[in-house]
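S.K.: Got structure-v2.pdb for you, PDB, C-alpha atoms, pLDDT in the B column:
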ATOM      1  CA  MET P1322     -48.941 -67.399 -17.064  1.00 77.00           C
ATOM      2  CA  ALA P1323     -45.912 -66.377 -19.008  1.00 94.00           C
ATOM      3  CA  VAL P1324     -43.548 -67.382 -21.805  1.00 97.00           C
ATOM      4  CA  ARG P1325     -39.974 -66.173 -22.304  1.00 98.00           C
ATOM      5  CA  VAL P1326     -37.282 -66.703 -24.913  1.00 98.00           C
ATOM      6  CA  GLN P1327     -33.790 -65.776 -23.736  1.00 98.00           C
ATOM      7  CA  THR P1328     -30.083 -66.427 -24.241  1.00 98.00           C
ATOM      8  CA  GLU P1329     -29.228 -66.475 -20.531  1.00 98.00           C
ATOM      9  CA  ASP P1330     -29.636 -69.473 -18.249  1.00 98.00           C
ATOM     10  CA  PHE P1331     -32.540 -69.801 -15.823  1.00 98.00           C
ATOM     11  CA  ASN P1332     -32.701 -70.794 -12.168  1.00 98.00           C
ATOM     12  CA  VAL P1333     -35.484 -73.306 -11.565  1.00 98.00           C
ATOM     13  CA  ALA P1334     -35.943 -72.518  -7.860  1.00 98.00           C
ATOM     14  CA  ALA P1335     -36.054 -68.767  -8.479  1.00 98.00           C
ATOM     15  CA  GLU P1336     -38.563 -69.182 -11.318  1.00 98.00           C
ATOM     16  CA  VAL P1337     -40.860 -71.359  -9.181  1.00 98.00           C
ATOM     17  CA  GLU P1338     -40.622 -68.892  -6.304  1.00 97.00           C
ATOM     18  CA  ALA P1339     -41.462 -65.932  -8.549  1.00 97.00           C
ATOM     19  CA  LEU P1340     -44.347 -67.795 -10.183  1.00 97.00           C
ATOM     20  CA  THR P1341     -46.013 -68.946  -6.978  1.00 96.00           C
ATOM     21  CA  ALA P1342     -45.086 -66.300  -4.367  1.00 96.00           C
ATOM     22  CA  GLY P1343     -48.005 -65.373  -2.131  1.00 95.00           C
ATOM     23  CA  ARG P1344     -50.288 -68.085  -3.549  1.00 95.00           C
ATOM     24  CA  THR P1345     -52.095 -70.352  -1.110  1.00 97.00           C
ATOM     25  CA  ASP P1346     -54.299 -72.152  -3.640  1.00 97.00           C
ATOM     26  CA  ILE P1347     -51.522 -74.240  -5.194  1.00 98.00           C
ATOM     27  CA  GLY P1348     -51.138 -77.820  -4.037  1.00 98.00           C
ATOM     28  CA  ALA P1349     -48.923 -79.207  -6.793  1.00 98.00           C
ATOM     29  CA  ILE P1350     -46.000 -77.819  -8.796  1.00 98.00           C
ATOM     30  CA  VAL P1351     -44.368 -79.750 -11.638  1.00 98.00           C
ATOM     31  CA  THR P1352     -41.162 -78.548 -13.272  1.00 98.00           C
ATOM     32  CA  PHE P1353     -39.540 -79.995 -16.368  1.00 98.00           C
ATOM     33  CA  THR P1354     -36.026 -78.984 -17.417  1.00 98.00           C
ATOM     34  CA  GLY P1355     -34.633 -80.014 -20.796  1.00 98.00           C
ATOM     35  CA  ARG P1356     -30.832 -80.064 -21.151  1.00 98.00           C
ATOM     36  CA  VAL P1357     -28.187 -80.469 -23.839  1.00 98.00           C
ATOM     37  CA  ARG P1358     -26.818 -84.039 -23.870  1.00 95.00           C
ATOM     38  CA  SER P1359     -23.272 -84.809 -25.044  1.00 94.00           C
ATOM     39  CA  ASN P1360     -24.539 -87.995 -26.711  1.00 90.00           C
ATOM     40  CA  GLU P1361     -21.589 -89.992 -25.329  1.00 92.00           C
ATOM     41  CA  GLY P1362     -19.058 -87.328 -26.245  1.00 92.00           C
ATOM     42  CA  GLN P1363     -20.179 -86.948 -29.870  1.00 94.00           C
ATOM     43  CA  LEU P1364     -21.798 -83.530 -29.425  1.00 96.00           C
ATOM     44  CA  ALA P1365     -19.570 -80.500 -28.822  1.00 97.00           C
ATOM     45  CA  ALA P1366     -22.131 -77.682 -29.006  1.00 97.00           C
ATOM     46  CA  MET P1367     -25.448 -76.629 -30.469  1.00 97.00           C
ATOM     47  CA  THR P1368     -26.995 -73.424 -31.730  1.00 98.00           C
ATOM     48  CA  LEU P1369     -30.685 -72.750 -31.240  1.00 98.00           C
ATOM     49  CA  GLU P1370     -32.322 -70.481 -33.794  1.00 98.00           C
ATOM     50  CA  HIS P1371     -35.893 -69.228 -33.543  1.00 98.00           C
ATOM     51  CA  TYR P1372     -38.469 -67.027 -35.251  1.00 98.00           C
ATOM     52  CA  PRO P1373     -38.698 -63.931 -33.035  1.00 98.00           C
ATOM     53  CA  GLY P1374     -42.298 -62.895 -32.529  1.00 98.00           C
ATOM     54  CA  MET P1375     -43.816 -66.138 -33.779  1.00 98.00           C
ATOM     55  CA  THR P1376     -42.032 -68.141 -31.076  1.00 98.00           C
ATOM     56  CA  GLU P1377     -43.572 -66.090 -28.290  1.00 98.00           C
ATOM     57  CA  ALA P1378     -46.976 -66.107 -30.020  1.00 98.00           C
ATOM     58  CA  GLU P1379     -46.909 -69.876 -30.541  1.00 98.00           C
ATOM     59  CA  LEU P1380     -45.772 -70.584 -26.973  1.00 98.00           C
ATOM     60  CA  SER P1381     -48.591 -68.360 -25.701  1.00 98.00           C
ATOM     61  CA  ARG P1382     -51.113 -70.241 -27.862  1.00 98.00           C
ATOM     62  CA  ILE P1383     -49.839 -73.580 -26.510  1.00 97.00           C
ATOM     63  CA  GLU P1384     -49.981 -72.302 -22.949  1.00 98.00           C
ATOM     64  CA  ALA P1385     -53.525 -70.968 -23.432  1.00 98.00           C
ATOM     65  CA  GLU P1386     -54.579 -74.371 -24.775  1.00 97.00           C
ATOM     66  CA  ALA P1387     -53.148 -76.088 -21.685  1.00 98.00           C
ATOM     67  CA  ARG P1388     -55.066 -73.720 -19.437  1.00 97.00           C
ATOM     68  CA  GLU P1389     -58.284 -74.542 -21.276  1.00 97.00           C
ATOM     69  CA  ARG P1390     -57.726 -78.247 -20.746  1.00 98.00           C
ATOM     70  CA  TRP P1391     -56.495 -78.272 -17.136  1.00 98.00           C
ATOM     71  CA  PRO P1392     -57.267 -76.127 -14.070  1.00 98.00           C
ATOM     72  CA  LEU P1393     -53.857 -74.475 -13.743  1.00 98.00           C
ATOM     73  CA  GLN P1394     -53.176 -71.783 -11.154  1.00 97.00           C
ATOM     74  CA  ALA P1395     -49.931 -70.788 -12.847  1.00 97.00           C
ATOM     75  CA  SER P1396     -47.690 -71.807 -15.721  1.00 98.00           C
ATOM     76  CA  LEU P1397     -44.379 -70.764 -17.222  1.00 98.00           C
ATOM     77  CA  ILE P1398     -42.370 -71.663 -20.316  1.00 98.00           C
ATOM     78  CA  VAL P1399     -38.760 -70.462 -20.654  1.00 98.00           C
ATOM     79  CA  HIS P1400     -36.734 -71.464 -23.724  1.00 98.00           C
ATOM     80  CA  ARG P1401     -33.125 -70.565 -24.397  1.00 98.00           C
ATOM     81  CA  VAL P1402     -31.654 -69.662 -27.795  1.00 98.00           C
ATOM     82  CA  GLY P1403     -28.110 -69.107 -29.053  1.00 98.00           C
ATOM     83  CA  GLU P1404     -24.988 -71.147 -28.338  1.00 98.00           C
ATOM     84  CA  LEU P1405     -25.302 -74.024 -25.862  1.00 98.00           C
ATOM     85  CA  VAL P1406     -22.953 -76.804 -24.774  1.00 98.00           C
ATOM     86  CA  PRO P1407     -23.589 -80.217 -23.166  1.00 98.00           C
ATOM     87  CA  GLY P1408     -24.895 -79.778 -19.636  1.00 98.00           C
ATOM     88  CA  ASP P1409     -26.590 -76.458 -20.403  1.00 98.00           C
ATOM     89  CA  ASP P1410     -30.286 -75.987 -19.740  1.00 98.00           C
ATOM     90  CA  ILE P1411     -32.462 -75.540 -22.860  1.00 98.00           C
ATOM     91  CA  VAL P1412     -36.057 -75.351 -21.713  1.00 98.00           C
ATOM     92  CA  LEU P1413     -38.085 -74.986 -18.524  1.00 98.00           C
ATOM     93  CA  VAL P1414     -41.776 -75.750 -18.100  1.00 98.00           C
ATOM     94  CA  VAL P1415     -43.525 -75.106 -14.785  1.00 98.00           C
ATOM     95  CA  THR P1416     -47.155 -75.963 -14.104  1.00 98.00           C
ATOM     96  CA  ALA P1417     -48.975 -75.331 -10.834  1.00 98.00           C
ATOM     97  CA  SER P1418     -52.393 -76.624  -9.882  1.00 98.00           C
ATOM     98  CA  ALA P1419     -54.494 -77.550  -6.885  1.00 98.00           C
ATOM     99  CA  HIS P1420     -53.794 -81.253  -7.443  1.00 97.00           C
ATOM    100  CA  ARG P1421     -50.932 -83.194  -8.998  1.00 98.00           C
ATOM    101  CA  GLN P1422     -52.691 -84.837 -11.927  1.00 98.00           C
ATOM    102  CA  ALA P1423     -53.449 -81.582 -13.740  1.00 98.00           C
ATOM    103  CA  ALA P1424     -49.916 -80.290 -13.133  1.00 98.00           C
ATOM    104  CA  PHE P1425     -48.262 -83.512 -14.383  1.00 98.00           C
ATOM    105  CA  GLU P1426     -50.456 -83.805 -17.464  1.00 98.00           C
ATOM    106  CA  ALA P1427     -50.254 -80.138 -18.411  1.00 98.00           C
ATOM    107  CA  ALA P1428     -46.452 -80.186 -18.188  1.00 98.00           C
ATOM    108  CA  GLY P1429     -46.322 -83.202 -20.527  1.00 98.00           C
ATOM    109  CA  PHE P1430     -48.741 -81.554 -22.920  1.00 98.00           C
ATOM    110  CA  LEU P1431     -46.769 -78.278 -22.976  1.00 98.00           C
ATOM    111  CA  MET P1432     -43.525 -80.076 -23.802  1.00 98.00           C
ATOM    112  CA  ASP P1433     -45.100 -82.307 -26.469  1.00 97.00           C
ATOM    113  CA  TYR P1434     -46.750 -79.351 -28.185  1.00 97.00           C
ATOM    114  CA  LEU P1435     -43.706 -77.104 -27.820  1.00 97.00           C
ATOM    115  CA  LYS P1436     -41.544 -79.699 -29.559  1.00 97.00           C
ATOM    116  CA  THR P1437     -43.843 -79.981 -32.567  1.00 96.00           C
ATOM    117  CA  ARG P1438     -45.129 -76.393 -32.899  1.00 97.00           C
ATOM    118  CA  ALA P1439     -42.791 -73.763 -31.439  1.00 98.00           C
ATOM    119  CA  PRO P1440     -40.477 -72.409 -34.166  1.00 98.00           C
ATOM    120  CA  PHE P1441     -37.057 -73.384 -32.794  1.00 98.00           C
ATOM    121  CA  TRP P1442     -34.326 -75.157 -34.769  1.00 98.00           C
ATOM    122  CA  LYS P1443     -31.228 -76.887 -33.417  1.00 98.00           C
ATOM    123  CA  LYS P1444     -27.938 -77.034 -35.261  1.00 98.00           C
ATOM    124  CA  GLU P1445     -25.454 -79.431 -33.707  1.00 97.00           C
ATOM    125  CA  VAL P1446     -21.674 -79.256 -33.874  1.00 96.00           C
ATOM    126  CA  SER P1447     -20.037 -82.656 -33.465  1.00 95.00           C
ATOM    127  CA  ALA P1448     -16.805 -83.314 -31.578  1.00 93.00           C
ATOM    128  CA  ALA P1449     -15.191 -83.754 -35.023  1.00 94.00           C
ATOM    129  CA  GLY P1450     -16.282 -80.215 -35.958  1.00 93.00           C
ATOM    130  CA  ASP P1451     -19.080 -81.020 -38.430  1.00 95.00           C
ATOM    131  CA  SER P1452     -22.308 -79.085 -38.063  1.00 96.00           C
ATOM    132  CA  VAL P1453     -25.705 -80.440 -38.996  1.00 97.00           C
ATOM    133  CA  TRP P1454     -29.323 -79.315 -38.562  1.00 98.00           C
ATOM    134  CA  VAL P1455     -31.248 -81.664 -36.305  1.00 96.00           C
ATOM    135  CA  GLU P1456     -34.091 -83.452 -38.083  1.00 95.00           C
ATOM    136  CA  ALA P1457     -37.558 -83.572 -36.587  1.00 92.00           C
ATOM    137  CA  ARG P1458     -38.380 -86.903 -34.930  1.00 90.00           C
ATOM    138  CA  GLU P1459     -41.512 -88.857 -35.775  1.00 89.00           C
ATOM    139  CA  GLY P1460     -41.680 -89.806 -32.080  1.00 91.00           C
ATOM    140  CA  ASP P1461     -42.271 -86.155 -31.136  1.00 92.00           C
ATOM    141  CA  GLU P1462     -45.181 -85.968 -33.584  1.00 90.00           C
ATOM    142  CA  SER P1463     -46.826 -89.098 -32.190  1.00 91.00           C
ATOM    143  CA  ALA P1464     -46.250 -87.875 -28.605  1.00 92.00           C
ATOM    144  CA  ALA P1465     -48.143 -84.689 -29.437  1.00 93.00           C
ATOM    145  CA  LYS P1466     -50.967 -86.645 -31.112  1.00 92.00           C
ATOM    146  CA  ARG P1467     -51.816 -88.500 -27.903  1.00 92.00           C
ATOM    147  CA  TRP P1468     -53.390 -85.268 -26.616  1.00 91.00           C
ATOM    148  CA  SER P1469     -55.727 -84.760 -29.584  1.00 86.00           C
TER     149      SER P1469
ATOM    150  CA  MET O1187     -44.661 -58.451 -48.646  1.00 96.00           C
ATOM    151  CA  LYS O1188     -41.916 -59.786 -46.422  1.00 98.00           C
ATOM    152  CA  LEU O1189     -40.479 -63.276 -46.857  1.00 98.00           C
ATOM    153  CA  LEU O1190     -38.509 -64.883 -44.032  1.00 98.00           C
ATOM    154  CA  TYR O1191     -36.304 -67.985 -44.090  1.00 98.00           C
ATOM    155  CA  PHE O1192     -35.015 -69.979 -41.140  1.00 98.00           C
ATOM    156  CA  ALA O1193     -32.489 -72.744 -40.374  1.00 98.00           C
ATOM    157  CA  TRP O1194     -31.321 -74.709 -43.434  1.00 98.00           C
ATOM    158  CA  VAL O1195     -33.868 -72.983 -45.675  1.00 98.00           C
ATOM    159  CA  ARG O1196     -32.179 -69.667 -44.756  1.00 98.00           C
ATOM    160  CA  GLU O1197     -28.726 -71.130 -45.401  1.00 98.00           C
ATOM    161  CA  LYS O1198     -29.701 -72.538 -48.791  1.00 98.00           C
ATOM    162  CA  VAL O1199     -31.361 -69.364 -50.072  1.00 98.00           C
ATOM    163  CA  GLY O1200     -28.496 -67.290 -48.668  1.00 98.00           C
ATOM    164  CA  ARG O1201     -30.606 -64.706 -46.845  1.00 98.00           C
ATOM    165  CA  GLY O1202     -32.849 -64.454 -43.815  1.00 98.00           C
ATOM    166  CA  ALA O1203     -35.418 -61.971 -45.077  1.00 98.00           C
ATOM    167  CA  GLU O1204     -36.414 -59.986 -48.139  1.00 98.00           C
ATOM    168  CA  GLU O1205     -39.153 -57.702 -49.409  1.00 98.00           C
ATOM    169  CA  ILE O1206     -40.859 -58.953 -52.561  1.00 97.00           C
ATOM    170  CA  GLU O1207     -43.879 -58.296 -54.711  1.00 95.00           C
ATOM    171  CA  LEU O1208     -45.714 -61.486 -55.636  1.00 95.00           C
ATOM    172  CA  PRO O1209     -47.068 -61.937 -59.160  1.00 95.00           C
ATOM    173  CA  ALA O1210     -50.852 -61.622 -59.295  1.00 93.00           C
ATOM    174  CA  ASP O1211     -51.392 -65.310 -60.120  1.00 95.00           C
ATOM    175  CA  VAL O1212     -49.656 -66.505 -56.934  1.00 97.00           C
ATOM    176  CA  ALA O1213     -52.575 -67.455 -54.688  1.00 98.00           C
ATOM    177  CA  THR O1214     -51.364 -70.052 -52.179  1.00 98.00           C
ATOM    178  CA  VAL O1215     -48.268 -70.941 -50.171  1.00 98.00           C
ATOM    179  CA  ALA O1216     -47.593 -73.755 -52.657  1.00 98.00           C
ATOM    180  CA  ASP O1217     -47.779 -71.178 -55.472  1.00 98.00           C
ATOM    181  CA  VAL O1218     -45.245 -68.987 -53.646  1.00 98.00           C
ATOM    182  CA  ILE O1219     -42.863 -71.941 -53.426  1.00 98.00           C
ATOM    183  CA  GLY O1220     -43.358 -72.683 -57.120  1.00 97.00           C
ATOM    184  CA  TRP O1221     -42.643 -69.053 -57.976  1.00 97.00           C
ATOM    185  CA  LEU O1222     -39.599 -68.878 -55.679  1.00 97.00           C
ATOM    186  CA  LYS O1223     -38.105 -71.898 -57.452  1.00 96.00           C
ATOM    187  CA  THR O1224     -38.005 -69.899 -60.681  1.00 95.00           C
ATOM    188  CA  ARG O1225     -35.883 -67.185 -59.079  1.00 96.00           C
ATOM    189  CA  GLY O1226     -32.566 -69.037 -59.095  1.00 96.00           C
ATOM    190  CA  PRO O1227     -30.649 -72.195 -58.244  1.00 97.00           C
ATOM    191  CA  GLU O1228     -30.427 -71.317 -54.533  1.00 98.00           C
ATOM    192  CA  PHE O1229     -34.247 -71.335 -54.309  1.00 98.00           C
ATOM    193  CA  ASP O1230     -34.454 -74.466 -56.411  1.00 96.00           C
ATOM    194  CA  ALA O1231     -32.092 -76.135 -53.903  1.00 96.00           C
ATOM    195  CA  ALA O1232     -33.947 -74.899 -50.822  1.00 97.00           C
ATOM    196  CA  PHE O1233     -37.342 -76.010 -52.135  1.00 97.00           C
ATOM    197  CA  ALA O1234     -36.232 -79.116 -54.034  1.00 96.00           C
ATOM    198  CA  ARG O1235     -38.362 -81.204 -51.664  1.00 94.00           C
ATOM    199  CA  PRO O1236     -41.217 -78.864 -50.683  1.00 92.00           C
ATOM    200  CA  GLU O1237     -42.699 -81.544 -48.410  1.00 92.00           C
ATOM    201  CA  LEU O1238     -39.741 -80.893 -46.052  1.00 94.00           C
ATOM    202  CA  VAL O1239     -40.539 -77.175 -45.775  1.00 97.00           C
ATOM    203  CA  ARG O1240     -43.115 -75.705 -43.392  1.00 98.00           C
ATOM    204  CA  ALA O1241     -44.694 -72.260 -43.680  1.00 98.00           C
ATOM    205  CA  ALA O1242     -46.269 -69.586 -41.510  1.00 98.00           C
ATOM    206  CA  ILE O1243     -48.348 -66.575 -42.522  1.00 98.00           C
ATOM    207  CA  ASP O1244     -48.175 -63.617 -40.148  1.00 98.00           C
ATOM    208  CA  LYS O1245     -46.609 -65.848 -37.487  1.00 98.00           C
ATOM    209  CA  VAL O1246     -49.230 -68.630 -37.607  1.00 98.00           C
ATOM    210  CA  HIS O1247     -48.535 -72.138 -38.986  1.00 98.00           C
ATOM    211  CA  VAL O1248     -50.324 -72.782 -42.297  1.00 98.00           C
ATOM    212  CA  LYS O1249     -50.618 -75.570 -44.851  1.00 97.00           C
ATOM    213  CA  ALA O1250     -49.323 -75.342 -48.423  1.00 97.00           C
ATOM    214  CA  SER O1251     -52.908 -74.811 -49.623  1.00 97.00           C
ATOM    215  CA  ALA O1252     -53.348 -71.637 -47.508  1.00 98.00           C
ATOM    216  CA  ALA O1253     -54.247 -68.439 -49.367  1.00 98.00           C
ATOM    217  CA  VAL O1254     -51.627 -65.689 -49.231  1.00 98.00           C
ATOM    218  CA  ALA O1255     -53.894 -62.757 -50.087  1.00 95.00           C
ATOM    219  CA  GLY O1256     -53.491 -60.023 -47.488  1.00 95.00           C
ATOM    220  CA  ALA O1257     -50.435 -61.627 -45.863  1.00 97.00           C
ATOM    221  CA  ARG O1258     -47.840 -59.208 -44.504  1.00 98.00           C
ATOM    222  CA  GLU O1259     -45.208 -61.841 -43.792  1.00 98.00           C
ATOM    223  CA  ILE O1260     -44.646 -65.401 -45.033  1.00 98.00           C
ATOM    224  CA  ALA O1261     -41.975 -67.566 -43.417  1.00 98.00           C
ATOM    225  CA  PHE O1262     -40.426 -70.812 -44.689  1.00 98.00           C
ATOM    226  CA  PHE O1263     -38.569 -73.231 -42.433  1.00 98.00           C
ATOM    227  CA  PRO O1264     -37.865 -76.914 -41.716  1.00 98.00           C
ATOM    228  CA  PRO O1265     -39.983 -78.920 -39.250  1.00 97.00           C
ATOM    229  CA  VAL O1266     -39.265 -77.495 -35.794  1.00 98.00           C
ATOM    230  CA  THR O1267     -36.749 -79.109 -33.419  1.00 97.00           C
ATOM    231  CA  GLY O1268     -36.879 -77.159 -30.145  1.00 97.00           C
ATOM    232  CA  GLY O1269     -37.327 -78.372 -26.575  1.00 95.00           C
TER     233      GLY O1269
END
Please express the file's structure as structure tokens.

M.R.:
Amino acid sequence: MAVRVQTEDFNVAAEVEALTAGRTDIGAIVTFTGRVRSNEGQLAAMTLEHYPGMTEAELSRIEAEARERWPLQASLIVHRVGELVPGDDIVLVVTASAHRQAAFEAAGFLMDYLKTRAPFWKKEVSAAGDSVWVEAREGDESAAKRWS
Amino acid sequence: MKLLYFAWVREKVGRGAEEIELPADVATVADVIGWLKTRGPEFDAAFARPELVRAAIDKVHVKASAAVAGAREIAFFPPVTGG
């Protein structure tokens, strides 16, 4: 169980290998990778800001909640910050369990809660050069509520 | 006490962090916002619509009604948009 905030990219296969090496009790691994979309060429870049210290604490709280709800053998959240361009990875969630249902559900829960609780903010730069802070989506809030 | 500002709240107030001493009658997060708004037009602009601003005390999300007594650090920021 681990959370990381970093500027550098991550390698999904290497992260899964490191998380599950030597384990023989894991029957299901789910990975979710979130990426920067160009939005049909309208987005040139984005900057991700966060609240150092609170981000890690909040991600750990979310992860602990997932492990209370589902029998997870291992879990990992990696979130990038700084300058990103379309095609770049933003976030990785890995959940490992004995059976698939817990791994699938826990991964969905971690992403839904991360999006509504973890203190990250995106600022987008359009192809025309304008920059604007992304507004929170009501859909993310209702996605998180389905777990309560 | 340390105040922190993030994203567009930080841009509007023109700083990311500051050390302040709160007046004795400032009891809640909402009171802090009300007091900040008296400090200048940049704070008035940042907190013009306080319902758009979220807060954390010592790195834990709190509501506007939360008491600030004993807080080491209060942060103000927009609704989060990570993931």

S.K.: Please tabulate, as JSON lines, the residues of chain O that come within 9 Å of chain P, each with its closest pair of atoms and the distance in Å to one decimal, counting all atoms listed in the file and ordering rows by chain, then residue number upward.

M.R.:
{"residue": "O:Phe1192", "atom": "CA", "partner": "P:Tyr1372", "partner_atom": "CA", "distance": 7.4}
{"residue": "O:Ala1193", "atom": "CA", "partner": "P:Trp1442", "partner_atom": "CA", "distance": 6.4}
{"residue": "O:Trp1194", "atom": "CA", "partner": "P:Trp1454", "partner_atom": "CA", "distance": 7.0}
{"residue": "O:Ala1242", "atom": "CA", "partner": "P:Met1375", "partner_atom": "CA", "distance": 8.8}
{"residue": "O:Asp1244", "atom": "CA", "partner": "P:Met1375", "partner_atom": "CA", "distance": 8.1}
{"residue": "O:Lys1245", "atom": "CA", "partner": "P:Met1375", "partner_atom": "CA", "distance": 4.7}
{"residue": "O:Val1246", "atom": "CA", "partner": "P:Met1375", "partner_atom": "CA", "distance": 7.1}
{"residue": "O:His1247", "atom": "CA", "partner": "P:Arg1438", "partner_atom": "CA", "distance": 8.2}
{"residue": "O:Ala1261", "atom": "CA", "partner": "P:Tyr1372", "partner_atom": "CA", "distance": 8.9}
{"residue": "O:Phe1263", "atom": "CA", "partner": "P:Pro1440", "partner_atom": "CA", "distance": 8.5}
{"residue": "O:Pro1264", "atom": "CA", "partner": "P:Trp1442", "partner_atom": "CA", "distance": 8.0}
{"residue": "O:Pro1265", "atom": "CA", "partner": "P:Ala1457", "partner_atom": "CA", "distance": 5.9}
{"residue": "O:Val1266", "atom": "CA", "partner": "P:Pro1440", "partner_atom": "CA", "distance": 5.5}
{"residue": "O:Thr1267", "atom": "CA", "partner": "P:Trp1442", "partner_atom": "CA", "distance": 4.8}
{"residue": "O:Gly1268", "atom": "CA", "partner": "P:Phe1441", "partner_atom": "CA", "distance": 4.6}
{"residue": "O:Gly1269", "atom": "CA", "partner": "P:Lys1436", "partner_atom": "CA", "distance": 5.3}

S.K.: Might you pull out every residue within 12 Å of region 1338-1340 of chain P, with only C-alpha atoms counted and same-chain residues fewer than 2 positions away left off, and present them as a list in words?

M.R.: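 Here the answer would be Met1322, Ala1323, Val1324, Asn1332, Val1333, Ala1334, Ala1335, Glu1336, Ala1342, Gly1343, Arg1344, Ile1347, Ile1350, Thr1352, Gln1394, Ala1395, Ser1396, Leu1397, Ile1398, Val1414, Val1415, Thr1416, Ala1417 and Ser1418 of chain P.
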
S.K.: Applied to this file, what does the PyMOL selection byres ((chain P and resi 1328) around 8) return in terms of residues, put as a ChimeraX atom specification?

M.R.: /P:1326-1327,1329-1330,1401-1403

S.K.: What residues come out when you apply the PyMOL selection byres ((chain O and resi 1260) around 8) to this file, written as a PyMOL selection string?

M.R.: chain O and resi 1187-1190+1241-1245+1257-1259+1261-1262

S.K.: Using Å and a single decimal, report how far CA of Arg1358 (chain P) sits from CA of Arg1467 (chain P).

M.R.: 25.7 Å

S.K.: Which neighbours of Ser1447 (chain P) fall inside 10 Å, counting all atoms listed in the file, when residues of the same chain fewer than 3 positions from it are skipped, and could you give them as a PyMOL selection string?

M.R.: chain P and resi 1359-1360+1362-1367+1444+1450-1453

S.K.: So how many Å separate CA of Trp1468 (chain P) and CA of Trp1391 (chain P), to one decimal?

M.R.: 12.2 Å

S.K.: Between CA of Ser1469 (chain P) and CA of Gly1348 (chain P), what is the distance in Å, rounded to a tenth?

M.R.: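 Pair CA of Ser1469 (chain P) / CA of Gly1348 (chain P) returns 26.9 Å.
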
S.K.: For the PyMOL selection byres ((chain O and resi 1238) around 10), applied here, can you spell out every residue it catches as a count of residues only?

M.R.: 12

S.K.: Put the listed atoms of region 1193-1198 of chain O in a box along x, y and z with 8 Å added on every side and give me the centre and edge lengths in Å to one decimal, as lines of an AutoDock Vina configuration file.

M.R.:
center_x = -31.3
center_y = -72.2
center_z = -44.6
size_x = 21.1
size_y = 21.0
size_z = 24.4
